[in-house]
>>> print(open('work-v4.cif').read())   # mmCIF, C-alpha atoms
data_final
loop_
_atom_site.label_atom_id
_atom_site.label_comp_id
_atom_site.auth_asym_id
_atom_site.auth_seq_id
_atom_site.Cartn_x
_atom_site.Cartn_y
_atom_site.Cartn_z
CA MET A 1009 132.99 135.38 95.30
CA ARG A 1010 132.42 137.20 92.05
CA THR A 1011 131.38 135.83 88.70
CA ILE A 1012 132.98 137.56 85.74
CA ILE A 1013 131.57 137.37 82.22
CA ASP A 1014 133.93 138.63 79.54
CA GLY A 1015 132.95 140.22 76.24
CA ARG A 1016 132.83 136.82 74.55
CA GLY A 1017 130.40 135.42 77.10
CA ARG A 1018 133.01 133.30 78.90
CA VAL A 1019 132.55 132.84 82.65
CA ARG A 1020 135.13 132.69 85.41
CA HIS A 1021 134.91 132.89 89.20
CA GLN A 1022 137.31 134.76 91.47
CA THR A 1023 137.44 136.33 94.90
CA ALA A 1024 138.52 139.78 93.73
CA THR A 1025 138.60 141.67 90.49
CA SER A 1026 138.79 145.14 89.05
CA ASP A 1027 135.48 146.52 87.88
CA ILE A 1028 137.43 148.85 85.61
CA ALA A 1029 139.01 145.88 83.82
CA VAL A 1030 135.59 144.32 83.30
CA GLU A 1031 134.23 147.64 82.06
CA ASN A 1032 137.02 148.24 79.56
CA LYS A 1033 136.51 144.83 77.96
CA GLY A 1034 132.73 145.05 77.70
CA GLY A 1035 132.06 142.46 80.38
CA VAL A 1036 129.70 141.96 83.32
CA ALA A 1037 130.45 141.38 87.00
CA LEU A 1038 128.02 139.44 89.22
CA ARG A 1039 128.10 139.04 93.00
CA ARG A 1040 125.75 137.02 95.18
CA TRP A 1041 124.73 138.64 98.46
CA ARG A 1042 124.08 136.71 101.64
CA SER A 1043 120.45 137.77 101.40
CA GLY A 1044 120.17 135.77 98.19
CA ALA A 1045 120.06 138.77 95.87
CA VAL A 1046 122.39 138.97 92.87
CA GLU A 1047 124.21 142.21 92.04
CA LEU A 1048 125.03 142.77 88.38
CA ARG A 1049 127.43 145.51 87.31
CA TYR A 1050 127.86 146.53 83.69
CA ARG A 1051 128.21 149.58 81.48
CA PRO A 1052 125.20 149.81 79.11
CA ASN A 1053 127.05 151.73 76.39
CA ALA A 1054 130.02 149.33 76.29
CA VAL A 1055 128.86 145.85 77.30
CA LYS A 1056 129.19 143.23 74.55
CA PRO A 1057 126.18 141.27 73.23
CA MET A 1058 127.55 137.85 74.24
CA ALA A 1059 128.17 139.11 77.78
CA VAL A 1060 124.56 140.30 78.00
CA LEU A 1061 123.22 136.98 76.70
CA LYS A 1062 125.26 135.01 79.25
CA ALA A 1063 124.19 137.36 82.06
CA VAL A 1064 120.56 136.84 81.09
CA GLU A 1065 121.09 133.08 81.28
CA LEU A 1066 122.59 133.34 84.77
CA LEU A 1067 119.75 135.57 86.00
CA GLU A 1068 116.97 133.20 85.01
CA ASP A 1069 116.60 131.56 88.44
CA CYS A 1070 117.16 134.72 90.50
CA GLN A 1071 114.27 136.20 92.47
CA ARG A 1072 116.01 139.44 93.53
CA VAL A 1073 118.42 141.30 91.29
CA VAL A 1074 120.33 144.54 91.82
CA LEU A 1075 121.31 146.14 88.53
CA VAL A 1076 124.17 148.65 88.71
CA PRO A 1077 124.75 150.28 85.31
CA GLY A 1078 127.96 152.28 85.00
CA PHE A 1079 130.02 150.63 87.77
CA THR A 1080 129.45 153.63 90.03
CA GLY A 1081 126.98 152.19 92.50
CA ARG A 1082 124.87 155.34 92.30
CA ASP A 1083 122.26 153.98 89.95
CA GLY A 1084 121.73 150.59 91.51
CA GLN A 1085 118.14 149.38 91.51
CA LEU A 1086 116.68 146.38 93.34
CA ILE A 1087 114.32 144.49 91.08
CA SER A 1088 112.12 141.62 92.20
CA GLY A 1089 111.88 138.83 89.66
CA CYS A 1090 114.21 137.77 86.87
CA ALA A 1091 111.79 138.76 84.09
CA SER A 1092 111.79 142.43 85.11
CA ALA A 1093 115.55 142.43 85.60
CA ILE A 1094 116.15 140.91 82.16
CA GLU A 1095 113.83 143.42 80.53
CA ARG A 1096 115.60 146.38 82.16
CA LEU A 1097 119.08 145.00 81.41
CA THR A 1098 118.39 144.52 77.70
CA ARG A 1099 116.42 147.74 77.35
CA LEU A 1100 119.09 149.96 78.92
CA THR A 1101 121.78 148.30 76.85
CA GLY A 1102 119.84 148.69 73.61
CA GLU A 1103 119.02 152.33 74.31
CA ALA A 1104 122.60 153.19 75.23
CA GLN A 1105 124.24 151.52 72.24
CA SER A 1106 121.83 152.50 69.51
CA THR A 1107 122.45 155.81 67.78
CA ARG A 1108 118.78 155.70 66.91
CA GLY A 1109 117.42 154.97 70.37
CA ARG A 1110 114.67 157.56 70.00
CA ASP A 1111 113.43 155.96 66.80
CA PHE A 1112 111.96 152.93 68.56
CA ARG A 1113 109.33 153.03 71.31
CA SER A 1114 107.00 150.45 72.79
CA LEU A 1115 104.28 150.38 75.44
CA ARG A 1116 103.97 147.04 77.21
CA HIS A 1117 100.59 145.63 78.31
CA GLU A 1118 100.07 143.41 81.34
CA HIS A 1119 98.66 139.95 80.69
CA SER A 1120 95.48 140.84 82.59
CA ALA A 1121 94.88 143.76 80.22
CA ALA A 1122 95.59 141.60 77.17
CA THR A 1123 92.92 139.14 78.25
CA ASN A 1124 90.18 141.75 77.82
CA ASP A 1125 91.70 143.41 74.76
CA THR A 1126 89.61 142.94 71.62
CA ALA A 1127 92.71 142.37 69.47
CA PHE A 1128 95.01 140.47 71.84
CA GLY A 1129 92.36 138.59 73.82
CA PRO A 1130 91.28 135.89 71.32
CA VAL A 1131 94.86 134.96 70.45
CA TYR A 1132 95.93 134.97 74.11
CA ALA A 1133 93.04 132.61 74.88
CA ALA A 1134 94.06 130.29 72.03
CA TRP A 1135 97.66 130.32 73.26
CA ARG A 1136 96.64 129.33 76.79
CA ALA A 1137 94.33 126.60 75.48
CA ALA A 1138 97.17 125.16 73.36
CA HIS A 1139 99.27 124.36 76.48
CA GLY A 1140 102.60 124.82 74.74
CA VAL A 1141 101.65 123.18 71.44
CA LYS A 1142 101.54 124.87 68.03
CA ASP A 1143 98.15 123.45 67.16
CA ARG A 1144 95.74 124.34 64.36
CA GLU A 1145 93.51 126.51 66.56
CA LEU A 1146 96.44 128.65 67.73
CA LEU A 1147 97.80 129.18 64.22
CA GLU A 1148 94.37 130.07 62.91
CA ALA A 1149 93.87 132.60 65.69
CA VAL A 1150 97.28 134.17 64.93
CA ARG A 1151 96.63 134.30 61.18
CA ASP A 1152 93.14 135.78 61.60
CA ALA A 1153 94.20 138.46 64.09
CA SER A 1154 97.29 139.47 62.08
CA CYS A 1155 95.80 139.16 58.57
CA GLY A 1156 98.68 136.85 57.75
CA ARG A 1157 101.39 139.11 59.20
CA TYR A 1158 103.04 136.63 61.52
CA LEU A 1159 106.45 135.03 62.02
CA GLU A 1160 107.66 131.70 63.33
CA VAL A 1161 111.04 132.24 64.98
CA VAL A 1162 113.23 129.42 66.29
CA PRO A 1163 115.61 130.38 69.15
CA ARG A 1164 118.99 128.66 69.07
CA ASP A 1165 122.06 128.77 71.34
CA GLY A 1166 120.04 130.20 74.21
CA ALA A 1167 118.35 132.69 71.85
CA ALA A 1168 121.72 134.11 70.81
CA LYS A 1169 120.44 133.25 67.33
CA LEU A 1170 116.86 133.83 66.22
CA VAL A 1171 116.20 131.88 63.04
CA MET A 1172 113.25 132.69 60.80
CA ALA A 1173 111.28 129.48 60.23
CA ALA A 1174 108.22 130.97 58.51
CA VAL A 1175 107.00 134.35 57.26
CA GLY A 1176 103.26 134.89 56.85
CA ASN A 1177 101.84 135.69 53.44
CA GLY A 1178 100.42 138.98 54.69
CA TYR A 1179 103.79 140.71 54.75
CA SER A 1180 104.69 142.77 51.70
CA LEU A 1181 106.51 145.93 52.81
CA TYR A 1182 109.98 144.43 52.33
CA GLY A 1183 109.00 142.83 49.03
CA ASP A 1184 108.81 139.25 47.79
CA GLY A 1185 112.55 139.23 47.16
CA TRP A 1186 113.30 139.58 50.85
CA LYS A 1187 110.68 137.02 51.86
CA SER A 1188 112.17 134.48 49.48
CA VAL A 1189 115.49 134.53 51.36
CA ALA A 1190 114.26 135.33 54.88
CA VAL A 1191 113.31 131.77 55.89
CA GLY A 1192 116.37 130.06 57.31
CA GLY A 1193 118.12 133.37 57.96
CA LEU A 1194 118.54 135.38 61.14
CA PHE A 1195 115.86 137.70 62.48
CA GLU A 1196 118.24 140.65 62.32
CA ASP A 1197 118.78 140.18 58.57
CA MET A 1198 116.17 142.79 57.68
CA PRO A 1199 116.62 145.88 55.49
CA ASP A 1200 116.86 148.15 58.56
CA PHE A 1201 119.40 146.35 60.75
CA GLU A 1202 119.12 148.60 63.81
CA TYR A 1203 115.36 148.32 63.87
CA ALA A 1204 115.66 144.53 63.58
CA CYS A 1205 118.12 144.42 66.50
CA TRP A 1206 115.72 146.45 68.61
CA ALA A 1207 112.72 144.29 67.64
CA ALA A 1208 114.68 141.11 68.42
CA GLN A 1209 115.12 142.10 72.07
CA ALA A 1210 111.49 141.31 72.86
CA TYR A 1211 111.78 137.89 71.25
CA ARG A 1212 114.77 137.07 73.43
CA GLU A 1213 112.89 138.29 76.48
CA ALA A 1214 109.96 136.02 75.62
CA TYR A 1215 112.40 133.12 75.29
CA HIS A 1216 114.08 133.66 78.64
CA THR A 1217 110.88 134.37 80.58
CA ALA A 1218 108.69 131.87 78.69
CA GLN A 1219 105.89 134.45 78.90
CA PRO A 1220 103.94 136.14 76.09
CA ILE A 1221 104.54 139.78 75.24
CA PHE A 1222 101.87 142.28 74.22
CA GLU A 1223 102.82 145.82 73.26
CA ASP A 1224 102.06 148.87 71.16
CA VAL A 1225 104.98 149.95 68.97
CA ALA A 1226 105.96 153.15 67.17
CA ALA A 1227 109.15 152.89 65.14
CA THR A 1228 110.89 155.04 62.56
CA VAL A 1229 112.70 152.89 60.00
CA ARG A 1230 114.57 153.55 56.79
CA LEU A 1231 114.20 151.44 53.66
CA ARG A 1232 116.44 151.98 50.66
CA GLN A 1233 113.63 152.52 48.15
CA ALA A 1234 110.89 153.95 50.39
CA GLY A 1235 112.94 156.27 52.61
CA TRP A 1236 111.98 157.04 56.22
CA LEU A 1237 108.75 155.45 57.44
CA LEU A 1238 106.77 155.74 60.65
CA LEU A 1239 105.45 152.34 61.69
CA GLU A 1240 102.68 152.08 64.27
CA TYR A 1241 101.37 148.66 65.18
CA ARG A 1242 100.49 146.25 67.97
CA ARG A 1243 102.73 143.28 68.50
CA MET A 1244 102.39 139.98 70.29
CA ILE A 1245 105.07 137.35 70.83
CA LEU A 1246 103.90 133.93 72.02
CA PRO A 1247 106.35 131.30 73.34
CA VAL A 1248 105.56 127.74 72.27
CA GLY A 1249 106.96 124.59 73.87
CA SER A 1250 106.52 122.53 77.02
CA GLY A 1251 110.09 122.61 78.35
CA GLU A 1252 111.89 125.16 80.50
CA HIS A 1253 112.40 127.33 77.44
CA PRO A 1254 110.20 127.65 74.36
CA THR A 1255 111.29 125.94 71.16
CA LEU A 1256 109.35 128.38 68.99
CA LEU A 1257 108.31 132.03 69.18
CA LEU A 1258 105.21 133.15 67.31
CA GLY A 1259 105.25 136.85 66.50
CA ALA A 1260 102.33 138.75 65.00
CA THR A 1261 101.64 142.31 63.86
CA LEU A 1262 98.14 143.68 64.47
CA GLN A 1263 96.37 146.90 63.53
CA GLN A 1264 99.41 148.29 61.75
CA SER A 1265 99.78 151.50 59.80
CA VAL A 1266 102.76 152.79 57.83
CA ARG A 1267 103.33 156.42 56.82
CA ARG A 1268 106.08 158.05 54.82
CA LEU A 1269 108.04 160.73 56.66
CA THR A 1270 109.61 162.21 53.53
CA PHE A 1271 107.96 162.99 50.20
CA GLY A 1272 104.39 161.79 49.76
CA ALA A 1273 103.59 161.94 53.47
CA GLY A 1274 99.96 161.13 52.76
CA ASP A 1275 100.78 157.83 51.07
CA LYS A 1276 99.63 154.68 52.78
CA LEU A 1277 101.92 151.67 52.77
CA VAL A 1278 101.15 148.13 53.73
CA ASP A 1279 102.77 146.39 56.67
CA VAL A 1280 105.79 145.81 58.90
CA LEU A 1281 107.40 142.94 60.79
#
>>> encode(input="work-v4.cif", output="structure tokens")
Amino acid sequence: MRTIIDGRGRVRHQTATSDIAVENKGGVALRRWRSGAVELRYRPNAVKPMAVLKAVELLEDCQRVVLVPGFTGRDGQLISGCASAIERLTRLTGEAQSTRGRDFRSLRHEHSAATNDTAFGPVYAAWRAAHGVKDRELLEAVRDASCGRYLEVVPRDGAAKLVMAAVGNGYSLYGDGWKSVAVGGLFEDMPDFEYACWAAQAYREAYHTAQPIFEDVAATVRLRQAGWLLLEYRRMILPVGSGEHPTLLLGATLQQSVRRLTFGAGDKLVDVL
């Protein structure tokens, strides 16, 4: 029995199907093996966002996943654990569909390494002590570590929508005009849309895995007035909530630097989301 997810995220079950038909419509095909593993077939450069989001939802309880990008069977990879499978699924899709895939890079840190990290460690400790609650100690730790460069993001519709609930006062790169309209809007509604789409992937991963994310980021973005900028920073995303999925995602930017890549390359700018 196969599970078919079409490009709109709709699910149907059938005994046989054409992988080519699924491919052409930007869908995903899932098949459960007798061993308990789940095989997922998709084409990274064509799969639709709603199909990916529904696939992520269906993978959440799976312990063994075989990802087969391209419908050829040649590149199948067995992955233990849904969190790793979700990360690879979203990363390959984002890299394949972005014309600026080389502009955005991140280096992920294990939780054990974050514990002993001078920047991440204090906030990670406050997050664990909070036990799923956005308490005063956690917010103070986030504000202090990020110098006010933090976000409160509310996931809705299974994280298909990421709504900005609060923007820290430390942000200034996008200007006060953007901050005044950002709250209540979608995460992706930033001046550089492709960068925002890439950055949002980690928030959705944190939602579906209910685990914090710690990473070093280097991103090249383009702002209308400033031109091309190289952003280098450390990012943490902390899920908050006591249920199966977090009801809030706290994101923070640490130790950031911004450099112009066009005229005035020596100029220092201020911050980045």
>>> residues_around(input="work-v4.cif", residues="A:Arg1164", least_positions_apart="4", cutoff="12 Å", atoms="all atoms listed in the file", output="ChimeraX atom specification")
/A:1168-1173,1194-1195,1211-1212,1215-1216,1253-1257
>>> residues_around(input="work-v4.cif", residues="A:Cys1205", least_positions_apart="5", cutoff="10 Å", atoms="all atoms listed in the file", output="ChimeraX atom specification")
/A:1102,1106,1195-1198,1200,1210
>>> resolve_selection(input="work-v4.cif", expression="the PyMOL selection byres ((chain A and resi 1260) around 8)", output="list in words")
Val1150, Ser1154, Arg1157, Tyr1158, Leu1159, Arg1243, Met1244, Ile1245, Leu1258, Gly1259, Thr1261, Leu1262 and Leu1281 of chain A
>>> resolve_selection(input="work-v4.cif", expression="the PyMOL selection byres ((chain A and resi 1091) around 10)", output="number ranges by chain")
A: 1064, 1067-1071, 1087-1090, 1092-1097, 1213-1214, 1216-1219
>>> atom_distance(input="work-v4.cif", atom1="atom CA of A:Gly1078", atom2="atom CA of A:Pro1052")
7.0 Å
>>> residues_around(input="work-v4.cif", residues="A:Leu1086", least_positions_apart="3", cutoff="7 Å", atoms="all atoms listed in the file", output="JSON, numbers by chain")
{"A": [1072, 1073, 1074, 1075]}
>>> atom_distance(input="work-v4.cif", atom1="atom CA of A:Ser1188", atom2="atom CA of A:Pro1247")
24.8 Å
>>> closest_residue(input="work-v4.cif", among="A:Leu1238, A:Ile1221, A:Ile1012, A:Val1046", to="A:His1117", atoms="only C-alpha atoms")
A:Ile1221
>>> residues_near_point(input="work-v4.cif", point="(128.5, 149.1, 83.9)", cutoff="6 Å", atoms="all atoms listed in the file", output="list in words")
Arg1049, Tyr1050, Arg1051, Pro1052, Pro1077, Gly1078 and Phe1079 of chain A
>>> write_last_selection(input="work-v4.cif", atoms="C-alpha atoms", output="CSV table (one decimal), in the frame of the given file")
chain,number,residue,atom,x,y,z
A,1049,ARG,CA,127.4,145.5,87.3
A,1050,TYR,CA,127.9,146.5,83.7
A,1051,ARG,CA,128.2,149.6,81.5
A,1052,PRO,CA,125.2,149.8,79.1
A,1077,PRO,CA,124.8,150.3,85.3
A,1078,GLY,CA,128.0,152.3,85.0
A,1079,PHE,CA,130.0,150.6,87.8
>>> closest_residue(input="work-v4.cif", among="A:Ala1138, A:Val1055, A:Ala1153, A:Ala1190", to="A:Thr1126", atoms="all atoms listed in the file")
A:Ala1153
